[in-house]
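J.: Below is the structure I would like to discuss, written out as structure tokens.
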Amino acid sequence: MTYSQSMPELHGLRCAKYIRCSHEDQVLHGDTLEAQDEILDDFITRNHLVLVDTFIDEALTARKKYTKRKEFVRLLDGVRRHDFDLIIFTKLDRWFRNIADYHKIQEILEANGVQWKAVTESYDTTTTNGRLHINIRLSVAQDECDRDSDRIKDVFAYKLRNKTYLSGSLPRGLKLDAEKHVVIDDEWKQFALDMFDRFEATNSKRGTLLYLKEKYGIYLCYATIARNLQNPLYKGQYRDDPEFCEALIPPDRFDRIQLLAERNVRERTTNRKYIFSGLLICTDCDHYLVANTAVHKSKKDGRRLEYVAYRCNQHYRSHSCPRNKMLREHNIEEYLLSHIRPALADYVAEYEVSGAPPSQKNPAAEIARIRARLKKLYELFMDDLIDKDMYRSEYSALQKKLIETTNAAAASPHRDLDDLKEILSQGWEDLYRTFTVEEKSAFWKSFIQAVRVHEDGEMDIIFL
């Protein structure tokens, strides 16, 4: 039975088209999106079906978990709403190449009275032999897919062992030679060096973007600058190979710049600059405090007075944090100026005695605290106090921090404290008063990793 034949028992049914195509299918078998769509349209016309919707998953393999196929998930929502009676696709391997997932979805279809039809193939789900035939066909398709995947992985592994770059594009400052090895591009080398130098000096991605535009006459979007600053190829690393190519930036300097990039906050449309963006952490919920410019009108002369303050957005956005107090930037600055020298001296002394930073001496307590936050987050989600997107975002951030804390507990490399001792030996306070906001931000971030702010205004300074 082929798709060109009329099937009277299907006449008048509401149907949905499902089309899936990976790049390999397009090249090897001609199963393009257009070809599948044409075949399904012909089947609909010949069988007098009523088309309700079309679902297209492009460049996705059928071995990928069905929850990762966005259109497939949307199709299942339609199944549960009883939007259609029949799902049509060209071949069974367009539907699934995974036996376990196939049977899960089949249960959902049967529970909602929805049929499926592979229009260029003949299958019968009503008999034992028919179901066996489907299982055998899915097993063969799954095996073919896995074999192809293994072959591709072997080819990639061979290329990586030979230092062959697998992608097609490279950031400015790097290029491919005739053997597809990554080498330094002398024409754009200085551009890349200027990018890292400028960001390290200013801690501003937007400022770096404008600087490069003025000097080189080219415009890069903010996302490109952010992506390039984080590209490990600049330090010679690709995938898991730290010596894949010649390093344009020393690895230790590159890693330090990543810490600055993580704490960098994108400029707002007002172009206001804040000294402590990305540094202050709420001790109640472990989220960064967010800077705001507050406006106050003087009662005496009516003048508009502006001041910068930091607050925990988790309280104002989702009420998931009890901290509702705002801290003025000026007060934070004065606190650090009066406490930084003794805190830094204690840190250096304790580090030299113990051989490890004080903040890493009890990682178990930090890990337990993060896990408690994960549990509380889950309870908020289950009580419908936060939506799914917020839950996923916060969950990912906490999981990342949990992994980092666990890894840090396992390995605490000894660091050189000469840069911190140099700060202690210099009388920089008077000079600091003359700094611009941007220079002040760069100064603090040059040796402070974070400042944990307590409800009573006390602060724990964590050094790099």
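Chain labels A, B, ... are given in the sequence in which chains occur in the structure tokens; within each chain residues are numbered consecutively from 1, and ligands are likewise numbered from 1 in the order shown.
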Can you list, as a list in words, every residue of range 280-347 of chain A that DSSP puts in helix (DSSP H, G or I)?
T.: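 The residues of range 280-347 of chain A classed as helix (DSSP H, G or I) are Asn313, Gln314, His315, Tyr316, Arg317, Ser318, Glu329, His330, Asn331, Ile332, Glu333, Glu334, Tyr335, Leu336, Leu337, Ser338, His339, Ile340, Arg341, Pro342, Ala343, Leu344, Ala345, Asp346 and Tyr347 of chain A.
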J.: As a PyMOL selection string, please: all residues of range 147-183 of chain A that backbone DSSP puts in strand (DSSP E).
T.: chain A and resi 174-176+182-183
J.: Might you pull out every residue within 8 Å of range 364-373 of chain A, with only C-alpha atoms counted and same-chain residues fewer than 3 positions away left off, and present them as a ChimeraX atom specification?
T.: /A:285,376-377,398,401-402,405-406
J.: Could you give me, as an mmCIF file with C-alpha atoms, in the first residue's frame, the residues within 9 Å of Leu209 in chain A, counting only C-alpha atoms and dropping anything in the same chain fewer than 2 positions from it?
T.:
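Written out: out.cif:
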data_model
loop_
_atom_site.group_PDB
_atom_site.id
_atom_site.type_symbol
_atom_site.label_atom_id
_atom_site.label_comp_id
_atom_site.auth_asym_id
_atom_site.auth_seq_id
_atom_site.Cartn_x
_atom_site.Cartn_y
_atom_site.Cartn_z
ATOM 1 C CA MET A 195 40.090 43.406 22.920
ATOM 2 C CA SER A 204 33.162 46.802 30.327
ATOM 3 C CA LYS A 205 32.114 44.768 27.296
ATOM 4 C CA ARG A 206 30.257 47.708 25.838
ATOM 5 C CA GLY A 207 33.268 49.967 26.401
ATOM 6 C CA TYR A 211 36.891 51.143 21.631
ATOM 7 C CA LEU A 212 37.362 48.530 18.879
ATOM 8 C CA LYS A 213 34.840 50.298 16.668
ATOM 9 C CA GLU A 214 36.716 53.599 17.001
ATOM 10 C CA TYR A 219 31.216 47.273 14.419
ATOM 11 C CA LEU A 220 30.705 44.051 16.358
ATOM 12 C CA CYS A 221 27.557 43.357 18.306
ATOM 13 C CA TYR A 222 27.656 43.029 22.086
ATOM 14 C CA ILE A 225 32.377 40.608 22.034
#
J.: Using only C-alpha atoms, which residues sit within 12 Å of Arg317 in chain A once same-chain residues fewer than 3 positions away are excluded, as an MDAnalysis selection string?
T.: chainID A and resid 290 311:314 320:324 385:387 390
J.: Would you please work out which residue, of A:Val73, A:Ile257, A:Ile340, A:Ile403, is nearest to Arg198 in chain A when using only C-alpha atoms?
T.: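 Using only C-alpha atoms, Arg198 in chain A sits closest to A:Ile257.
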J.: Using only C-alpha atoms for the distances, tell me which of A:Gly236, A:Gly12, A:Pro242, A:Gly78 is nearest to Leu51 in chain A.
T.: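 Nearest candidate to Leu51 in chain A out of A:Gly236, A:Gly12, A:Pro242, A:Gly78: A:Gly12.
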J.: Between A:Val114, A:Leu176, A:Val451, A:Ala247, single out the one closest to Arg81 in chain A, counting only C-alpha atoms.
T.: A:Val114
J.: Please determine, counting only C-alpha atoms, which residue among A:Glu121, A:Glu38, A:Asp346, A:Glu333 has the shortest atom-to-atom distance to Phe463 in chain A.
T.: A:Asp346
J.: Set the distance at 12 Å and use only C-alpha atoms: which residues neighbour Thr67 in chain A once local chain neighbours fewer than 6 positions away are removed? I'd like the list as a list of chain:residue names.
T.: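 Counting only the stated atoms, we get A:Asp57, A:Leu60, A:Val73, A:Arg74, A:Leu75, A:Leu76, A:Asp77, A:Asp101, A:Lys104, A:Ile105.
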